[in-house]
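Please read the structure below before turning to the comments.
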Amino acid sequence: MVKPMGKTLAEKVWDQHVVRPGSGAEPDLLYIDLHLVHEVTSPQAFDGLRLSNRRVRRPDLTIATEDHNVPTIGIELPIADPVSKTQVDTLRKNCAEFGIRLYPMGDVEQGIVHVVGPQLGLTQPGMTVVCGDSHTSTHGAFGALAFGIGTSEVEHVLATQTLPLRPFRTMAITVDGELRPGVTAKDVILAVIAKIGTNGGQGHVLEYRGRAIEQLSMEARMTICNMSIEAGARAGMIAPDDTTFAYLKGRPHAPTGADWDDAVAAWRELRTDDDARFDAEVHIDASTLTPFVTWGTNPGQGLPLSERVPDPADIPDENERHSAEKALSYMDLTPGTPLRDIHVDTVFLGSCTNGRIEDLRAAAEVLRGHQVADGVRMLVVPGSMRVREVAESEGLHQVFLEAGAEWRAAGCSMCLGMNPDQLRPGERSASTSNRNFEGRQGKGGRTHLVSPLVAAATAVRGTLSSPEDLS
Amino acid sequence: MEPFTTHTGVGVPLRRSNVDTDQIIPAVYLKRVSRSGFEDGLFSAWRSDPHFVLNLEPFRAGSVLVAGPDFGTGSSREHAVWALSNYGFRVVISARFADIFRGNAGKQGLLAAQCEQADIELLWKLLETEPGTEVTVDLRDKTVRAKDFTAPFHIDDYTRWRLLEGLDDIALTLRHEDAIGAFEGGRQRWKPTTTSTLRS
């Protein structure tokens, strides 16, 4: 008799949420445990509900915050941009009308939606989590199946608390060995994307595993899962373990007492069975990794900081060669230039990728006793007001301010330049965010994606640098 | 959603791969609270170049976009689909679509037709040598035709059926409300709710 094959982590979570299996071409109907809402991708969804006379099925599984549009200075004043203000006001009206809890500007729990969910303990292992934002993959760090959706799907989840979906394929990304000192989660994920490409994960859930992943903190795991979408994947996941449980315990929405024990027992089952098969597998040796930065205009165009700007003529694939030529032209870079010689105007420390307290601590440690280079502006934007509060209690804001950086309030900020925090045309940034697309941080702006450590060292030297360049 | 069976319109060659959703519509254009008017932001950076294909006659009035591989990567913004639709596009043809973009397109009646890259190269040549050539995209037999050019395209059966029938996903799901209720009855009691009192 053939033994039934084991299941991957992603398949286990999926199977636990099937409300109704599909047949033939029809997709499964999947239950959603947590729906995160923000001001940009929700107004048309609420409008749709009103037009069809529908209600929100589970306001108690829905949470909203203001993040994409919000200014990060003068937050006590009305939002200056009238269109941004309308969008934020619309969210407030919609949440009031449909009974959804909202953390607005000024609330200590306000911040980037993917920082807020985990820090409140709302993101837990084995859950399905969605949001009208592609970086929802962040929550997979807890062993949740978490993915971004469009506005039509936002409306669908509001109305039904479910989504019709076809099962995702699975891909194991095994990172064995030990990371060297100074090499961070950001370097790992940039290296993964450079290896498998911006479409390498298409249709897949990536499961990050192996010794180097197990040794990461929860916040570092969130950085990795966050950028799964940059490899084209639907989601990224990491099996929950004692690190996960220790992070969750005592958080405002975490289970307590006997519920906690029951929950942990169930969470411990959430790992890929030994006899499970992935649809694809990738191996990376952590000990070979070094600080990694991008040189081009998609997140797959990255290299170790010690390398030089590549020559498109060396790229065999025609499409990739054209893409590299266009990228170098946009980035105004010459093949052969050492990456360490690239000057920046702006350093951005923040975003749902690297705006958590550990990121701020790591950058502050590098900056302590140094000054931001002349002609460079550094923006430090905590991922949430809670992160800002903790940082201030540790005196980190003083380190940033004394070094000459700007200490801001929470929001998405320069990651996508929807608020006033933007690059000017031709300006170049070292940014701890997740996308280096043309114009992403402001029309004509040029972005190099980096870790918080590289960001801080770059701020001091004015050229792409790692902390070891400062000694 | 209006049913989609077949569409004929001017084909627009967009010789670019990795057209991400920030290129399709930059974040500064996402501030509207309606579903209309997003055509202003479509390819906004590229449209400031007078030689960009959509600034040239007869492509300006195009409705079938023929793009390089990995179209629609990046952000989940459905505004990218609205911007294309608001401009007048009914079909995007590419060898590979990003997952979320493909899903969003299917919800909004924009046909994301997946063709072989070799066929797209042929179509590009045809559209560039004979600008203004009309392209017919027939969802019933999953075929792209233009002059002598014919090629099959791929789309998943469920999305095809929904597009052909013009069906609304939410109404389809609400037929299973009992199953949703039954599922909710079996959820673990320790799963979090957002409205409970916060402990600090």
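Please note that chains go A, B, ... in the order of the structure tokens, that every chain numbers its residues from 1, and that ligands are numbered from 1 in the order shown.
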
Practice task
Determine which residues of chain A sit within 7 Å of chain B, taking into account only C-alpha atoms, and present them as a PyMOL selection string.
Solution key: chain A and resi 19-20+25-26+40-41+43-44+60-63+83-84+87+101+122+132-134+148-152+156+160+199+202-203+229-230+232+252-253+255+259+263+319+323+416-418+437+440

Exercise for the section: Going by DSSP on the backbone, which bits of segment 68-147 of chain A are strand (DSSP E or B)? Write them as a list in words, please. Expected result: Arg101, Leu102, Tyr103, Gly111, Thr128, Val129, Val130, Cys131, Leu145, Ala146 and Phe147 of chain A

Problem - Residue nearest Lys142 of chain B among B:Ile93, B:Ala118, B:Val10, B:Leu167 (counting only C-alpha atoms) - result: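 Closest candidate: B:Ile93.
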
Practice task
Skip Ala151 of chain B itself and residues of its chain fewer than 6 positions away, then list as a PyMOL selection string all residues within 9 Å of it, counting only C-alpha atoms.
Solution key: chain B and resi 115-116+119+142-145

With all heavy atoms retained, could you export that selection as a PDB file, in the first residue's frame?
```pdb
ATOM      1  N   CYS B 115       0.550  34.613 -24.100  1.00  0.00           N
ATOM      2  CA  CYS B 115       1.008  34.041 -25.377  1.00  0.00           C
ATOM      3  C   CYS B 115       2.475  33.624 -25.266  1.00  0.00           C
ATOM      4  O   CYS B 115       3.190  34.086 -24.393  1.00  0.00           O
ATOM      5  CB  CYS B 115       0.911  35.082 -26.492  1.00  0.00           C
ATOM      6  SG  CYS B 115      -0.737  35.325 -27.137  1.00  0.00           S
ATOM      7  N   GLU B 116       2.910  32.801 -26.170  1.00  0.00           N
ATOM      8  CA  GLU B 116       4.335  32.463 -26.249  1.00  0.00           C
ATOM      9  C   GLU B 116       5.115  33.717 -26.650  1.00  0.00           C
ATOM     10  O   GLU B 116       4.658  34.499 -27.500  1.00  0.00           O
ATOM     11  CB  GLU B 116       4.567  31.389 -27.316  1.00  0.00           C
ATOM     12  CG  GLU B 116       3.951  30.035 -26.997  1.00  0.00           C
ATOM     13  CD  GLU B 116       4.630  29.351 -25.815  1.00  0.00           C
ATOM     14  OE1 GLU B 116       5.850  29.562 -25.644  1.00  0.00           O
ATOM     15  OE2 GLU B 116       3.937  28.646 -25.075  1.00  0.00           O
ATOM     16  N   ASP B 119       5.555  34.223 -30.374  1.00  0.00           N
ATOM     17  CA  ASP B 119       4.387  34.805 -31.051  1.00  0.00           C
ATOM     18  C   ASP B 119       4.318  36.311 -30.813  1.00  0.00           C
ATOM     19  O   ASP B 119       3.940  37.087 -31.693  1.00  0.00           O
ATOM     20  CB  ASP B 119       3.103  34.134 -30.553  1.00  0.00           C
ATOM     21  CG  ASP B 119       2.980  32.703 -31.067  1.00  0.00           C
ATOM     22  OD1 ASP B 119       3.482  32.434 -32.171  1.00  0.00           O
ATOM     23  OD2 ASP B 119       2.404  31.861 -30.355  1.00  0.00           O
ATOM     24  N   LYS B 142      -9.940  31.170 -27.609  1.00  0.00           N
ATOM     25  CA  LYS B 142      -8.632  31.499 -27.029  1.00  0.00           C
ATOM     26  C   LYS B 142      -7.576  31.722 -28.116  1.00  0.00           C
ATOM     27  O   LYS B 142      -6.527  31.093 -28.134  1.00  0.00           O
ATOM     28  CB  LYS B 142      -8.187  30.398 -26.049  1.00  0.00           C
ATOM     29  CG  LYS B 142      -9.105  30.282 -24.839  1.00  0.00           C
ATOM     30  CD  LYS B 142      -8.509  29.417 -23.742  1.00  0.00           C
ATOM     31  CE  LYS B 142      -8.681  27.935 -24.055  1.00  0.00           C
ATOM     32  NZ  LYS B 142      -8.197  27.097 -22.942  1.00  0.00           N
ATOM     33  N   THR B 143      -7.913  32.640 -29.031  1.00  0.00           N
ATOM     34  CA  THR B 143      -7.028  32.899 -30.162  1.00  0.00           C
ATOM     35  C   THR B 143      -6.822  34.397 -30.354  1.00  0.00           C
ATOM     36  O   THR B 143      -7.756  35.183 -30.200  1.00  0.00           O
ATOM     37  CB  THR B 143      -7.640  32.314 -31.455  1.00  0.00           C
ATOM     38  OG1 THR B 143      -7.898  30.934 -31.231  1.00  0.00           O
ATOM     39  CG2 THR B 143      -6.689  32.455 -32.617  1.00  0.00           C
ATOM     40  N   VAL B 144      -5.583  34.765 -30.720  1.00  0.00           N
ATOM     41  CA  VAL B 144      -5.256  36.137 -31.102  1.00  0.00           C
ATOM     42  C   VAL B 144      -5.054  36.142 -32.616  1.00  0.00           C
ATOM     43  O   VAL B 144      -4.311  35.315 -33.155  1.00  0.00           O
ATOM     44  CB  VAL B 144      -3.945  36.607 -30.426  1.00  0.00           C
ATOM     45  CG1 VAL B 144      -3.624  38.040 -30.844  1.00  0.00           C
ATOM     46  CG2 VAL B 144      -4.056  36.503 -28.918  1.00  0.00           C
ATOM     47  N   ARG B 145      -5.728  37.077 -33.304  1.00  0.00           N
ATOM     48  CA  ARG B 145      -5.581  37.159 -34.762  1.00  0.00           C
ATOM     49  C   ARG B 145      -5.302  38.598 -35.180  1.00  0.00           C
ATOM     50  O   ARG B 145      -5.871  39.540 -34.605  1.00  0.00           O
ATOM     51  CB  ARG B 145      -6.863  36.676 -35.461  1.00  0.00           C
ATOM     52  CG  ARG B 145      -7.044  35.169 -35.466  1.00  0.00           C
ATOM     53  CD  ARG B 145      -8.284  34.766 -36.259  1.00  0.00           C
ATOM     54  NE  ARG B 145      -9.511  35.186 -35.585  1.00  0.00           N
ATOM     55  CZ  ARG B 145     -10.164  34.439 -34.696  1.00  0.00           C
ATOM     56  NH1 ARG B 145      -9.731  33.230 -34.399  1.00  0.00           N
ATOM     57  NH2 ARG B 145     -11.260  34.890 -34.120  1.00  0.00           N
TER      58      ARG B 145
END
```

Problem - Backbone DSSP call of alpha helix (DSSP H) for segment 22-99 of chain B, listed as a PyMOL selection string - result: chain B and resi 22-24+44-47+79-87+99

With C-alpha atoms retained, write the just-selected residues as a compact mmCIF listing (two decimals), in the first residue's frame.
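Result file is selection_0.txt:
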```txt
# COMPACT_ATOMS: atom_id res chain seq x y z
CA ASP B 22 4.70 51.46 -10.34
CA GLN B 23 5.35 52.05 -14.08
CA ILE B 24 1.75 51.33 -15.00
CA SER B 44 2.87 58.53 -16.52
CA ALA B 45 6.69 58.70 -16.55
CA TRP B 46 6.98 57.22 -20.02
CA ARG B 47 4.20 59.37 -21.48
CA HIS B 79 -5.44 50.84 -9.84
CA ALA B 80 -3.05 49.41 -12.46
CA VAL B 81 -5.95 47.51 -14.02
CA TRP B 82 -8.28 50.50 -13.66
CA ALA B 83 -5.71 52.78 -15.32
CA LEU B 84 -5.43 50.43 -18.32
CA SER B 85 -9.22 50.00 -18.55
CA ASN B 86 -9.96 53.69 -18.02
CA TYR B 87 -7.55 54.50 -20.85
CA ASP B 99 0.01 36.64 -10.12
```

Exercise for the section: For Ala185 of chain A, list every protein, DNA or RNA residue within 7 Å, evaluated using only C-alpha atoms, and leave out those in the same chain fewer than 5 positions away; present the list as a PyMOL selection string. Expected result: chain A and resi 220+223-224

Problem - Spatial neighbours of Ala313 of chain A, 10 Å, only C-alpha atoms, chain gap at least 6 places, as a PyMOL selection string - result: chain A and resi 321-322+324-325+335

Practice task
May I have the residues within 8 Å of segment 447-460 of chain A as JSON, numbers by chain, using only C-alpha atoms and disregarding those fewer than 6 positions away in the same chain?
Solution key: {"A": [182, 184, 186, 187, 291, 292, 293, 294, 295, 296, 297, 299, 344, 346, 347, 348, 349, 354, 359, 360, 362, 363, 364, 366, 367, 370, 371, 372, 373, 376, 377, 378, 428, 429, 430, 431, 432, 433, 434, 435, 436, 437, 441, 466, 467, 469, 470]}

Completion exercise
Computed gap from atom CA of Ala95 of chain B to atom CA of Gln117 of chain B is 5.2 Å

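Of the listed residues (B:Lys147, B:Arg102, B:Arg160, B:Lys125), B:Arg160 comes nearest to Thr6 of chain B; the distances count only C-alpha atoms.
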
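Rounded to one decimal, atom CA of Asp273 of chain A and atom CA of Leu9 of chain A lie 7.7 Å from each other.
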
Handout entry: Polymer residues at most 10 Å from Val116 of chain A, only C-alpha atoms, same-chain spacing of 6 or more positions, as a list in words
Key =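 Selected residues are Leu36, Ile63, Ala64, Thr65, Tyr103, Glu109, Gln110, Leu122, Thr123, Cys352, Gly383, Ser384, Met385, Arg386 and Val387 of chain A.
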
Export of the given selection (N, CA, C and O atoms) as a short mmCIF file (atom, residue, chain, number, x, y, z; two decimals), in the first residue's frame:
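Output file selection.cif follows:
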```cif
data_model
loop_
_atom_site.label_atom_id
_atom_site.label_comp_id
_atom_site.auth_asym_id
_atom_site.auth_seq_id
_atom_site.Cartn_x
_atom_site.Cartn_y
_atom_site.Cartn_z
N LEU A 36 -6.41 42.96 7.01
CA LEU A 36 -5.83 44.25 7.35
C LEU A 36 -6.22 45.25 6.26
O LEU A 36 -6.15 44.94 5.08
N ILE A 63 -9.09 44.88 10.70
CA ILE A 63 -8.46 45.98 11.43
C ILE A 63 -7.90 46.97 10.41
O ILE A 63 -7.46 46.58 9.35
N ALA A 64 -7.96 48.25 10.75
CA ALA A 64 -7.51 49.26 9.79
C ALA A 64 -6.51 50.21 10.44
O ALA A 64 -6.56 50.46 11.64
N THR A 65 -5.60 50.72 9.60
CA THR A 65 -4.70 51.78 10.05
C THR A 65 -4.39 52.67 8.86
O THR A 65 -4.71 52.34 7.72
N TYR A 103 -6.82 52.35 13.75
CA TYR A 103 -5.78 53.08 14.46
C TYR A 103 -5.36 54.26 13.62
O TYR A 103 -4.57 54.13 12.69
N GLU A 109 -0.85 53.02 18.38
CA GLU A 109 -0.81 51.77 17.60
C GLU A 109 -0.82 52.03 16.10
O GLU A 109 -0.83 51.10 15.30
N GLN A 110 -0.86 53.30 15.68
CA GLN A 110 -0.85 53.58 14.23
C GLN A 110 0.52 53.26 13.64
O GLN A 110 1.55 53.39 14.32
N LEU A 122 -1.77 40.14 16.65
CA LEU A 122 -2.90 39.70 15.81
C LEU A 122 -2.46 38.66 14.79
O LEU A 122 -3.26 37.84 14.35
N THR A 123 -1.21 38.73 14.38
CA THR A 123 -0.68 37.76 13.43
C THR A 123 -0.17 36.56 14.21
O THR A 123 0.73 36.71 15.04
N CYS A 352 8.01 48.65 5.75
CA CYS A 352 7.57 47.37 6.33
C CYS A 352 8.65 46.31 6.21
O CYS A 352 8.56 45.25 6.82
N GLY A 383 8.52 52.13 11.81
CA GLY A 383 7.41 51.45 11.16
C GLY A 383 6.08 51.68 11.84
O GLY A 383 5.03 51.53 11.22
N SER A 384 6.11 52.02 13.12
CA SER A 384 4.86 52.31 13.82
C SER A 384 5.17 53.30 14.94
O SER A 384 6.33 53.48 15.33
N MET A 385 4.12 53.91 15.48
CA MET A 385 4.33 54.85 16.58
C MET A 385 4.81 54.11 17.82
O MET A 385 5.53 54.65 18.65
N ARG A 386 4.41 52.82 17.94
CA ARG A 386 4.90 52.00 19.06
C ARG A 386 6.41 51.78 18.93
O ARG A 386 7.15 51.87 19.91
N VAL A 387 6.87 51.51 17.71
CA VAL A 387 8.32 51.36 17.48
C VAL A 387 9.03 52.66 17.84
O VAL A 387 10.08 52.67 18.49
#
```
